[in-house]
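Novice: My structure is in my_file16.cif, and what it holds is mmCIF, N, CA and C atoms and all ligand atoms:
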```cif
data_run
#
loop_
_atom_site.label_atom_id
_atom_site.label_comp_id
_atom_site.auth_asym_id
_atom_site.auth_seq_id
_atom_site.Cartn_x
_atom_site.Cartn_y
_atom_site.Cartn_z
N MET A 270 -26.17 -12.24 -21.38
CA MET A 270 -26.24 -11.32 -20.24
C MET A 270 -25.49 -11.88 -19.05
N ARG A 271 -25.74 -13.17 -18.81
CA ARG A 271 -25.11 -13.81 -17.67
C ARG A 271 -23.58 -13.86 -17.85
N ARG A 272 -23.20 -14.18 -19.06
CA ARG A 272 -21.78 -14.25 -19.35
C ARG A 272 -21.16 -12.86 -19.18
N HIS A 273 -21.93 -11.90 -19.58
CA HIS A 273 -21.46 -10.52 -19.47
C HIS A 273 -21.20 -10.16 -18.00
N LEU A 274 -22.13 -10.55 -17.17
CA LEU A 274 -22.00 -10.28 -15.74
C LEU A 274 -20.79 -10.99 -15.15
N GLN A 275 -20.63 -12.24 -15.57
CA GLN A 275 -19.48 -13.01 -15.05
C GLN A 275 -18.17 -12.33 -15.40
N ARG A 276 -18.13 -11.84 -16.63
CA ARG A 276 -16.91 -11.18 -17.06
C ARG A 276 -16.66 -9.93 -16.23
N TRP A 277 -17.74 -9.25 -15.96
CA TRP A 277 -17.67 -8.01 -15.19
C TRP A 277 -17.17 -8.31 -13.77
N PHE A 278 -17.71 -9.36 -13.19
CA PHE A 278 -17.29 -9.75 -11.85
C PHE A 278 -15.82 -10.13 -11.83
N ARG A 279 -15.45 -10.90 -12.86
CA ARG A 279 -14.06 -11.33 -12.92
C ARG A 279 -13.13 -10.13 -13.00
N LYS A 280 -13.56 -9.15 -13.73
CA LYS A 280 -12.75 -7.94 -13.90
C LYS A 280 -12.56 -7.26 -12.54
N ILE A 281 -13.64 -7.18 -11.79
CA ILE A 281 -13.56 -6.53 -10.48
C ILE A 281 -12.64 -7.31 -9.56
N PHE A 282 -12.82 -8.63 -9.57
CA PHE A 282 -12.00 -9.43 -8.66
C PHE A 282 -10.54 -9.41 -9.07
N ARG A 283 -10.33 -9.33 -10.37
CA ARG A 283 -8.94 -9.27 -10.81
C ARG A 283 -8.31 -7.98 -10.27
N ARG A 284 -9.08 -6.93 -10.32
CA ARG A 284 -8.54 -5.67 -9.84
C ARG A 284 -8.34 -5.71 -8.33
N LYS A 285 -9.22 -6.45 -7.67
CA LYS A 285 -9.12 -6.55 -6.21
C LYS A 285 -8.12 -7.62 -5.79
N ARG A 286 -7.59 -8.35 -6.76
CA ARG A 286 -6.62 -9.37 -6.41
C ARG A 286 -5.39 -8.71 -5.80
N ARG A 287 -4.62 -9.45 -5.11
CA ARG A 287 -3.57 -8.84 -4.31
C ARG A 287 -2.38 -8.42 -5.17
N PRO A 288 -2.23 -7.14 -5.34
CA PRO A 288 -1.06 -6.73 -6.10
C PRO A 288 0.22 -6.99 -5.31
N VAL A 289 1.28 -7.24 -6.02
CA VAL A 289 2.57 -7.46 -5.37
C VAL A 289 3.46 -6.26 -5.67
N TYR A 290 4.07 -5.77 -4.65
CA TYR A 290 4.95 -4.61 -4.78
C TYR A 290 6.40 -5.04 -4.64
N ARG A 291 7.29 -4.13 -5.02
CA ARG A 291 8.67 -4.32 -4.58
C ARG A 291 9.18 -3.00 -4.03
N PRO A 292 10.02 -3.10 -3.01
CA PRO A 292 10.49 -1.88 -2.36
C PRO A 292 11.62 -1.23 -3.14
N ARG A 293 11.68 0.08 -3.08
CA ARG A 293 12.79 0.81 -3.69
C ARG A 293 13.18 1.95 -2.76
N PHE A 294 14.46 2.00 -2.44
CA PHE A 294 14.95 3.06 -1.56
C PHE A 294 15.32 4.27 -2.39
N GLU A 295 14.81 5.41 -1.98
CA GLU A 295 15.09 6.66 -2.69
C GLU A 295 15.53 7.71 -1.68
N ALA A 296 16.60 8.42 -1.99
CA ALA A 296 17.04 9.48 -1.08
C ALA A 296 16.09 10.67 -1.15
N GLU A 297 15.58 10.93 -2.35
CA GLU A 297 14.70 12.09 -2.54
C GLU A 297 13.30 11.62 -2.90
N GLU A 298 12.35 12.50 -2.69
CA GLU A 298 10.97 12.24 -3.06
C GLU A 298 10.90 11.99 -4.58
N PRO A 299 10.33 10.88 -5.02
CA PRO A 299 10.28 10.62 -6.46
C PRO A 299 9.34 11.59 -7.19
N ALA A 300 9.69 11.90 -8.44
CA ALA A 300 8.87 12.82 -9.22
C ALA A 300 7.51 12.21 -9.53
N ALA A 301 7.50 10.90 -9.74
CA ALA A 301 6.24 10.21 -10.01
C ALA A 301 6.27 8.86 -9.33
N ILE A 302 5.11 8.44 -8.87
CA ILE A 302 5.00 7.14 -8.21
C ILE A 302 4.61 6.11 -9.27
N GLU A 303 5.48 5.16 -9.49
CA GLU A 303 5.16 4.10 -10.46
C GLU A 303 4.36 3.01 -9.76
N PRO A 304 3.41 2.41 -10.48
CA PRO A 304 2.66 1.31 -9.86
C PRO A 304 3.57 0.12 -9.57
N GLY A 305 3.26 -0.59 -8.51
CA GLY A 305 4.02 -1.80 -8.20
C GLY A 305 5.29 -1.55 -7.40
N ILE A 306 5.55 -0.30 -7.07
CA ILE A 306 6.76 0.01 -6.32
C ILE A 306 6.41 0.74 -5.04
N ILE A 307 7.04 0.29 -3.96
CA ILE A 307 6.92 0.99 -2.69
C ILE A 307 8.19 1.80 -2.50
N TYR A 308 8.05 3.10 -2.47
CA TYR A 308 9.20 3.98 -2.30
C TYR A 308 9.43 4.22 -0.82
N ILE A 309 10.64 3.98 -0.39
CA ILE A 309 11.02 4.28 0.98
C ILE A 309 11.95 5.48 0.86
N ILE A 310 11.46 6.62 1.34
CA ILE A 310 12.10 7.89 0.99
C ILE A 310 12.90 8.45 2.16
N GLY A 311 14.13 8.83 1.85
CA GLY A 311 15.01 9.44 2.85
C GLY A 311 16.38 8.80 2.82
N GLU A 312 17.28 9.38 3.61
CA GLU A 312 18.63 8.82 3.70
C GLU A 312 18.58 7.53 4.52
N GLN A 313 19.55 6.69 4.29
CA GLN A 313 19.67 5.45 5.06
C GLN A 313 19.62 5.75 6.55
N GLY A 314 18.75 5.09 7.25
CA GLY A 314 18.64 5.31 8.68
C GLY A 314 17.79 6.51 9.05
N TYR A 315 17.42 7.32 8.06
CA TYR A 315 16.56 8.46 8.36
C TYR A 315 15.47 8.57 7.29
N GLN A 316 14.76 7.47 7.11
CA GLN A 316 13.66 7.49 6.16
C GLN A 316 12.47 8.19 6.79
N TRP A 317 11.83 9.04 6.03
CA TRP A 317 10.74 9.84 6.59
C TRP A 317 9.38 9.53 6.00
N ALA A 318 9.33 8.84 4.87
CA ALA A 318 8.01 8.56 4.28
C ALA A 318 8.07 7.33 3.39
N ILE A 319 6.90 6.75 3.20
CA ILE A 319 6.71 5.66 2.25
C ILE A 319 5.61 6.09 1.30
N ALA A 320 5.80 5.83 0.02
CA ALA A 320 4.79 6.23 -0.97
C ALA A 320 4.61 5.11 -1.98
N PHE A 321 3.35 4.89 -2.37
CA PHE A 321 3.06 3.88 -3.40
C PHE A 321 1.67 4.15 -3.94
N LYS A 322 1.40 3.55 -5.09
CA LYS A 322 0.06 3.66 -5.68
C LYS A 322 -0.91 2.80 -4.87
N CYS A 323 -2.07 3.33 -4.63
CA CYS A 323 -3.09 2.56 -3.91
C CYS A 323 -3.34 1.24 -4.63
N PRO A 324 -3.34 0.12 -3.89
CA PRO A 324 -3.49 -1.19 -4.53
C PRO A 324 -4.88 -1.45 -5.11
N CYS A 325 -5.86 -0.64 -4.79
CA CYS A 325 -7.22 -0.93 -5.27
C CYS A 325 -7.41 -0.56 -6.73
N GLY A 326 -6.46 0.19 -7.29
CA GLY A 326 -6.60 0.57 -8.68
C GLY A 326 -7.22 1.93 -8.88
N CYS A 327 -7.46 2.66 -7.78
CA CYS A 327 -8.09 3.98 -7.90
C CYS A 327 -7.14 5.01 -8.48
N GLY A 328 -5.85 4.68 -8.49
CA GLY A 328 -4.89 5.60 -9.11
C GLY A 328 -4.30 6.62 -8.17
N ASN A 329 -4.78 6.66 -6.94
CA ASN A 329 -4.24 7.64 -6.00
C ASN A 329 -2.91 7.17 -5.40
N ASP A 330 -2.11 8.14 -5.02
CA ASP A 330 -0.88 7.84 -4.31
C ASP A 330 -1.17 7.76 -2.82
N VAL A 331 -0.56 6.80 -2.17
CA VAL A 331 -0.70 6.67 -0.72
C VAL A 331 0.63 7.10 -0.10
N TRP A 332 0.58 8.03 0.83
CA TRP A 332 1.78 8.49 1.53
C TRP A 332 1.66 8.11 2.99
N LEU A 333 2.70 7.50 3.52
CA LEU A 333 2.71 7.11 4.92
C LEU A 333 3.86 7.80 5.62
N ASN A 334 3.57 8.40 6.73
CA ASN A 334 4.60 9.07 7.52
C ASN A 334 5.37 8.07 8.38
N LEU A 335 6.70 8.25 8.39
CA LEU A 335 7.53 7.38 9.23
C LEU A 335 8.14 8.13 10.40
N LEU A 336 7.93 9.42 10.45
CA LEU A 336 8.61 10.24 11.45
C LEU A 336 7.96 10.15 12.82
N LYS A 337 8.82 10.03 13.81
CA LYS A 337 8.32 10.04 15.18
C LYS A 337 7.80 11.44 15.48
N GLY A 338 6.81 11.50 16.32
CA GLY A 338 6.28 12.80 16.70
C GLY A 338 5.20 13.30 15.76
N HIS A 339 5.01 12.61 14.64
CA HIS A 339 3.91 12.96 13.75
C HIS A 339 2.94 11.79 13.71
N ARG A 340 1.68 12.12 13.68
CA ARG A 340 0.68 11.07 13.66
C ARG A 340 -0.25 11.25 12.48
N PRO A 341 -0.77 10.20 11.87
CA PRO A 341 -0.42 8.80 12.16
C PRO A 341 0.98 8.46 11.66
N LYS A 342 1.51 7.38 12.22
CA LYS A 342 2.88 7.00 11.92
C LYS A 342 2.95 5.50 11.66
N TRP A 343 3.77 5.14 10.67
CA TRP A 343 3.93 3.73 10.32
C TRP A 343 5.37 3.29 10.51
N LYS A 344 5.55 2.00 10.56
CA LYS A 344 6.88 1.42 10.59
C LYS A 344 7.00 0.44 9.43
N PHE A 345 8.21 0.21 9.00
CA PHE A 345 8.40 -0.82 7.98
C PHE A 345 9.51 -1.76 8.41
N TYR A 346 9.39 -2.96 7.97
CA TYR A 346 10.36 -4.01 8.29
C TYR A 346 10.81 -4.63 6.99
N MET A 347 12.10 -4.86 6.87
CA MET A 347 12.61 -5.48 5.65
C MET A 347 13.03 -6.92 5.95
N LYS A 348 12.75 -7.77 4.95
CA LYS A 348 13.30 -9.12 4.98
C LYS A 348 14.33 -9.10 3.87
N GLY A 349 15.58 -8.99 4.21
CA GLY A 349 16.60 -8.73 3.19
C GLY A 349 16.38 -7.33 2.64
N ARG A 350 16.68 -7.12 1.36
CA ARG A 350 16.45 -5.82 0.73
C ARG A 350 15.23 -5.88 -0.16
N ARG A 351 14.58 -7.02 -0.23
CA ARG A 351 13.55 -7.19 -1.25
C ARG A 351 12.14 -7.32 -0.73
N LYS A 352 12.00 -7.61 0.54
CA LYS A 352 10.65 -7.81 1.06
C LYS A 352 10.34 -6.82 2.16
N ILE A 353 9.23 -6.14 1.97
CA ILE A 353 8.86 -5.11 2.93
C ILE A 353 7.51 -5.45 3.57
N THR A 354 7.44 -5.17 4.86
CA THR A 354 6.20 -5.27 5.60
C THR A 354 5.96 -3.92 6.25
N ILE A 355 4.73 -3.44 6.17
CA ILE A 355 4.39 -2.14 6.74
C ILE A 355 3.37 -2.36 7.85
N SER A 356 3.59 -1.66 8.94
CA SER A 356 2.69 -1.81 10.09
C SER A 356 2.39 -0.45 10.69
N PRO A 357 1.22 -0.17 11.18
CA PRO A 357 0.01 -1.03 11.16
C PRO A 357 -0.64 -1.03 9.77
N SER A 358 -1.89 -1.42 9.70
CA SER A 358 -2.58 -1.47 8.42
C SER A 358 -2.80 -0.06 7.88
N VAL A 359 -3.03 0.01 6.58
CA VAL A 359 -3.33 1.29 5.94
C VAL A 359 -4.84 1.39 5.77
N ASN A 360 -5.40 2.40 6.39
CA ASN A 360 -6.85 2.58 6.35
C ASN A 360 -7.12 3.96 5.77
N ARG A 361 -7.43 4.00 4.48
CA ARG A 361 -7.61 5.30 3.84
C ARG A 361 -8.94 5.91 4.23
N THR A 362 -8.88 7.13 4.70
CA THR A 362 -10.13 7.79 5.12
C THR A 362 -10.67 8.67 4.01
N VAL A 363 -9.89 8.82 2.94
CA VAL A 363 -10.34 9.63 1.81
C VAL A 363 -10.41 8.76 0.56
N GLY A 364 -11.08 9.26 -0.46
CA GLY A 364 -11.13 8.56 -1.75
C GLY A 364 -11.73 7.18 -1.64
N CYS A 365 -10.96 6.16 -2.04
CA CYS A 365 -11.49 4.80 -2.16
C CYS A 365 -11.73 4.12 -0.81
N ARG A 366 -11.19 4.68 0.29
CA ARG A 366 -11.36 4.12 1.63
C ARG A 366 -10.85 2.69 1.75
N SER A 367 -9.86 2.36 0.98
CA SER A 367 -9.29 1.02 1.06
C SER A 367 -8.65 0.80 2.42
N HIS A 368 -8.72 -0.43 2.86
CA HIS A 368 -8.12 -0.81 4.13
C HIS A 368 -7.37 -2.11 3.89
N PHE A 369 -6.08 -2.08 4.11
CA PHE A 369 -5.27 -3.26 3.78
C PHE A 369 -4.02 -3.30 4.63
N VAL A 370 -3.45 -4.48 4.65
CA VAL A 370 -2.17 -4.71 5.31
C VAL A 370 -1.17 -5.03 4.21
N LEU A 371 0.02 -4.49 4.33
CA LEU A 371 1.09 -4.83 3.39
C LEU A 371 2.11 -5.68 4.11
N SER A 372 2.24 -6.92 3.67
CA SER A 372 3.11 -7.85 4.35
C SER A 372 3.92 -8.62 3.32
N ASP A 373 5.23 -8.62 3.45
CA ASP A 373 6.11 -9.30 2.49
C ASP A 373 5.75 -8.94 1.05
N ASN A 374 5.59 -7.66 0.80
CA ASN A 374 5.30 -7.12 -0.54
C ASN A 374 3.86 -7.38 -1.01
N ARG A 375 3.07 -8.07 -0.23
CA ARG A 375 1.73 -8.42 -0.67
C ARG A 375 0.67 -7.64 0.07
N VAL A 376 -0.42 -7.42 -0.65
CA VAL A 376 -1.55 -6.70 -0.08
C VAL A 376 -2.57 -7.70 0.44
N HIS A 377 -2.99 -7.49 1.65
CA HIS A 377 -4.06 -8.31 2.23
C HIS A 377 -5.20 -7.36 2.57
N TRP A 378 -6.33 -7.57 1.94
CA TRP A 378 -7.47 -6.68 2.16
C TRP A 378 -8.09 -6.95 3.52
N CYS A 379 -8.50 -5.88 4.17
CA CYS A 379 -9.18 -6.02 5.46
C CYS A 379 -10.66 -5.83 5.23
N ARG A 380 -11.42 -6.68 5.87
CA ARG A 380 -12.87 -6.48 5.79
C ARG A 380 -13.25 -5.35 6.73
N ILE A 381 -14.34 -4.73 6.39
CA ILE A 381 -14.77 -3.57 7.18
C ILE A 381 -15.02 -3.95 8.63
N ASP A 382 -15.60 -5.14 8.84
CA ASP A 382 -15.95 -5.51 10.21
C ASP A 382 -14.73 -5.91 11.05
N SER A 383 -13.57 -6.00 10.42
CA SER A 383 -12.39 -6.34 11.21
C SER A 383 -11.55 -5.10 11.52
N GLU A 384 -12.07 -3.96 11.12
CA GLU A 384 -11.33 -2.72 11.26
C GLU A 384 -10.81 -2.48 12.68
N ASN A 385 -11.64 -2.81 13.64
CA ASN A 385 -11.26 -2.50 15.02
C ASN A 385 -10.27 -3.51 15.62
N ASP A 386 -10.08 -4.60 14.92
CA ASP A 386 -9.16 -5.61 15.45
C ASP A 386 -7.71 -5.30 15.16
N LEU A 387 -7.47 -4.39 14.22
CA LEU A 387 -6.09 -4.19 13.78
C LEU A 387 -5.41 -3.04 14.47
ZN ZN A 401 -7.59 3.16 -3.79
#
```
Write out the structure in this file as structure tokens.
Specialist:
Amino acid sequence: MRRHLQRWFRKIFRRKRRPVYRPRFEAEEPAAIEPGIIYIIGEQGYQWAIAFKCPCGCGNDVWLNLLKGHRPKWKFYMKGRRKITISPSVNRTVGCRSHFVLSDNRVHWCRIDSENDL
């Protein structure tokens, strides 16, 4: 029983472990969001959205608006063409309610009590 529980915990933590993404620039909205990829959608210099699979494993797609004048709005920063940082944090108010920061392709989970600090 105990071993069973340990395995179960390990499974959860593995799923909660920090997934690593890689950015991909797309001119058009992708037909399907593949896991592990952050889509930066739009023409060069006029990107309007970012889309990726939620890192918690819930299977939902996360869409972030990049357009000025629409709220909420996010920004992204590239380190070369391979590393993306998204700001501010992503705080899902629907579904899994995951709250995380994406920095240099990595997911950093936010604790609930730190929500107001970000
Ligand atoms: Zn999720």
Novice: Nearest to Phe294 (chain A): which of A:Asn360, A:Thr354, A:Gln275, A:Gln316 is it, counting only C-alpha atoms?
Specialist: A:Gln316
Novice: How would you write as a list in words the residues that get within 7 Å of (1.3, -2.0, 4.5) in the file's frame, counting all atoms listed in the file?
Specialist: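 In the file's frame, the residues around the point are Thr354, Ile355, Ser356, Pro357, Ser358, Val359, Phe369, Val370, Leu371 and Ser372 of chain A.
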Novice: With a cut-off of 10 Å, could you pull out the residues of chain A touching ligand ZN 401 (chain A) and give me the nearest pair of atoms for each, distance in Å to one decimal, using only C-alpha atoms and all ligand atoms, ordered by chain and ascending number, as a tab-separated table?
Specialist:
```
residue	atom	partner	partner_atom	distance
A:Lys322	CA	A:ZN401	ZN	7.9
A:Cys323	CA	A:ZN401	ZN	4.5
A:Pro324	CA	A:ZN401	ZN	6.0
A:Cys325	CA	A:ZN401	ZN	4.4
A:Gly326	CA	A:ZN401	ZN	5.6
A:Cys327	CA	A:ZN401	ZN	4.2
A:Gly328	CA	A:ZN401	ZN	6.4
A:Asn329	CA	A:ZN401	ZN	6.0
A:Asp330	CA	A:ZN401	ZN	8.2
A:Val331	CA	A:ZN401	ZN	8.3
A:Arg361	CA	A:ZN401	ZN	7.9
A:Val363	CA	A:ZN401	ZN	9.0
A:Gly364	CA	A:ZN401	ZN	6.8
A:Cys365	CA	A:ZN401	ZN	4.5
A:Arg366	CA	A:ZN401	ZN	6.7
A:Ser367	CA	A:ZN401	ZN	5.6
A:His368	CA	A:ZN401	ZN	8.9
```
Novice: Record the distance separating CA of Phe345 (chain A) and CA of Glu297 (chain A), expressed in Å with one decimal.
Specialist: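 Interatomic distance, CA of Phe345 (chain A) to CA of Glu297 (chain A): 17.8 Å.
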Novice: Could you give me, as a list in words, each residue of region 333-381 of chain A that DSSP assigns to strand (DSSP E) when run on this structure's backbone?
Specialist: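 Residues meeting the strand (DSSP E) criterion: Leu333, Asn334, Lys344, Phe345, Tyr346, Met347, Lys348, Lys352, Ile353, Thr354, Ile355, Ser356, Pro357, Ser358, Val359, Asn360, His368, Phe369, Val370, Leu371, Ser372, Arg375, Val376, His377 and Trp378 of chain A.
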Novice: Store the residues picked out above in a file with N, CA and C atoms, as a PDB file, keeping the file's coordinate frame.
Specialist:
```pdb
ATOM      1  N   LEU A 333       2.700   7.500   3.520  1.00  0.00           N
ATOM      2  CA  LEU A 333       2.710   7.110   4.920  1.00  0.00           C
ATOM      3  C   LEU A 333       3.860   7.800   5.620  1.00  0.00           C
ATOM      4  N   ASN A 334       3.570   8.400   6.730  1.00  0.00           N
ATOM      5  CA  ASN A 334       4.600   9.070   7.520  1.00  0.00           C
ATOM      6  C   ASN A 334       5.370   8.070   8.380  1.00  0.00           C
ATOM      7  N   LYS A 344       5.550   2.000  10.560  1.00  0.00           N
ATOM      8  CA  LYS A 344       6.880   1.420  10.590  1.00  0.00           C
ATOM      9  C   LYS A 344       7.000   0.440   9.430  1.00  0.00           C
ATOM     10  N   PHE A 345       8.210   0.210   9.000  1.00  0.00           N
ATOM     11  CA  PHE A 345       8.400  -0.820   7.980  1.00  0.00           C
ATOM     12  C   PHE A 345       9.510  -1.760   8.410  1.00  0.00           C
ATOM     13  N   TYR A 346       9.390  -2.960   7.970  1.00  0.00           N
ATOM     14  CA  TYR A 346      10.360  -4.010   8.290  1.00  0.00           C
ATOM     15  C   TYR A 346      10.810  -4.630   6.990  1.00  0.00           C
ATOM     16  N   MET A 347      12.100  -4.860   6.870  1.00  0.00           N
ATOM     17  CA  MET A 347      12.610  -5.480   5.650  1.00  0.00           C
ATOM     18  C   MET A 347      13.030  -6.920   5.950  1.00  0.00           C
ATOM     19  N   LYS A 348      12.750  -7.770   4.950  1.00  0.00           N
ATOM     20  CA  LYS A 348      13.300  -9.120   4.980  1.00  0.00           C
ATOM     21  C   LYS A 348      14.330  -9.100   3.870  1.00  0.00           C
ATOM     22  N   LYS A 352      12.000  -7.610   0.540  1.00  0.00           N
ATOM     23  CA  LYS A 352      10.650  -7.810   1.060  1.00  0.00           C
ATOM     24  C   LYS A 352      10.340  -6.820   2.160  1.00  0.00           C
ATOM     25  N   ILE A 353       9.230  -6.140   1.970  1.00  0.00           N
ATOM     26  CA  ILE A 353       8.860  -5.110   2.930  1.00  0.00           C
ATOM     27  C   ILE A 353       7.510  -5.450   3.570  1.00  0.00           C
ATOM     28  N   THR A 354       7.440  -5.170   4.860  1.00  0.00           N
ATOM     29  CA  THR A 354       6.200  -5.270   5.600  1.00  0.00           C
ATOM     30  C   THR A 354       5.960  -3.920   6.250  1.00  0.00           C
ATOM     31  N   ILE A 355       4.730  -3.440   6.170  1.00  0.00           N
ATOM     32  CA  ILE A 355       4.390  -2.140   6.740  1.00  0.00           C
ATOM     33  C   ILE A 355       3.370  -2.360   7.850  1.00  0.00           C
ATOM     34  N   SER A 356       3.590  -1.660   8.940  1.00  0.00           N
ATOM     35  CA  SER A 356       2.690  -1.810  10.090  1.00  0.00           C
ATOM     36  C   SER A 356       2.390  -0.450  10.690  1.00  0.00           C
ATOM     37  N   PRO A 357       1.220  -0.170  11.180  1.00  0.00           N
ATOM     38  CA  PRO A 357       0.010  -1.030  11.160  1.00  0.00           C
ATOM     39  C   PRO A 357      -0.640  -1.030   9.770  1.00  0.00           C
ATOM     40  N   SER A 358      -1.890  -1.420   9.700  1.00  0.00           N
ATOM     41  CA  SER A 358      -2.580  -1.470   8.420  1.00  0.00           C
ATOM     42  C   SER A 358      -2.800  -0.060   7.880  1.00  0.00           C
ATOM     43  N   VAL A 359      -3.030   0.010   6.580  1.00  0.00           N
ATOM     44  CA  VAL A 359      -3.330   1.290   5.940  1.00  0.00           C
ATOM     45  C   VAL A 359      -4.840   1.390   5.770  1.00  0.00           C
ATOM     46  N   ASN A 360      -5.400   2.400   6.390  1.00  0.00           N
ATOM     47  CA  ASN A 360      -6.850   2.580   6.350  1.00  0.00           C
ATOM     48  C   ASN A 360      -7.120   3.960   5.770  1.00  0.00           C
ATOM     49  N   HIS A 368      -8.720  -0.430   2.860  1.00  0.00           N
ATOM     50  CA  HIS A 368      -8.120  -0.810   4.130  1.00  0.00           C
ATOM     51  C   HIS A 368      -7.370  -2.110   3.890  1.00  0.00           C
ATOM     52  N   PHE A 369      -6.080  -2.080   4.110  1.00  0.00           N
ATOM     53  CA  PHE A 369      -5.270  -3.260   3.780  1.00  0.00           C
ATOM     54  C   PHE A 369      -4.020  -3.300   4.630  1.00  0.00           C
ATOM     55  N   VAL A 370      -3.450  -4.480   4.650  1.00  0.00           N
ATOM     56  CA  VAL A 370      -2.170  -4.710   5.310  1.00  0.00           C
ATOM     57  C   VAL A 370      -1.170  -5.030   4.210  1.00  0.00           C
ATOM     58  N   LEU A 371       0.020  -4.490   4.330  1.00  0.00           N
ATOM     59  CA  LEU A 371       1.090  -4.830   3.390  1.00  0.00           C
ATOM     60  C   LEU A 371       2.110  -5.680   4.110  1.00  0.00           C
ATOM     61  N   SER A 372       2.240  -6.920   3.670  1.00  0.00           N
ATOM     62  CA  SER A 372       3.110  -7.850   4.350  1.00  0.00           C
ATOM     63  C   SER A 372       3.920  -8.620   3.320  1.00  0.00           C
ATOM     64  N   ARG A 375       3.070  -8.070  -0.230  1.00  0.00           N
ATOM     65  CA  ARG A 375       1.730  -8.420  -0.670  1.00  0.00           C
ATOM     66  C   ARG A 375       0.670  -7.640   0.070  1.00  0.00           C
ATOM     67  N   VAL A 376      -0.420  -7.420  -0.650  1.00  0.00           N
ATOM     68  CA  VAL A 376      -1.550  -6.700  -0.080  1.00  0.00           C
ATOM     69  C   VAL A 376      -2.570  -7.700   0.440  1.00  0.00           C
ATOM     70  N   HIS A 377      -2.990  -7.490   1.650  1.00  0.00           N
ATOM     71  CA  HIS A 377      -4.060  -8.310   2.230  1.00  0.00           C
ATOM     72  C   HIS A 377      -5.200  -7.360   2.570  1.00  0.00           C
ATOM     73  N   TRP A 378      -6.330  -7.570   1.940  1.00  0.00           N
ATOM     74  CA  TRP A 378      -7.470  -6.680   2.160  1.00  0.00           C
ATOM     75  C   TRP A 378      -8.090  -6.950   3.520  1.00  0.00           C
TER      76      TRP A 378
END
```
Novice: Check chain A with DSSP on the backbone and list each residue it calls helix (DSSP H, G or I), as a list in words.
Specialist: Arg271, Arg272, His273, Leu274, Gln275, Arg276, Trp277, Phe278, Arg279, Lys280, Ile281, Phe282, Arg283, Arg284, Lys285, Ile381, Asp382, Ser383, Glu384, Asn385 and Asp386 of chain A
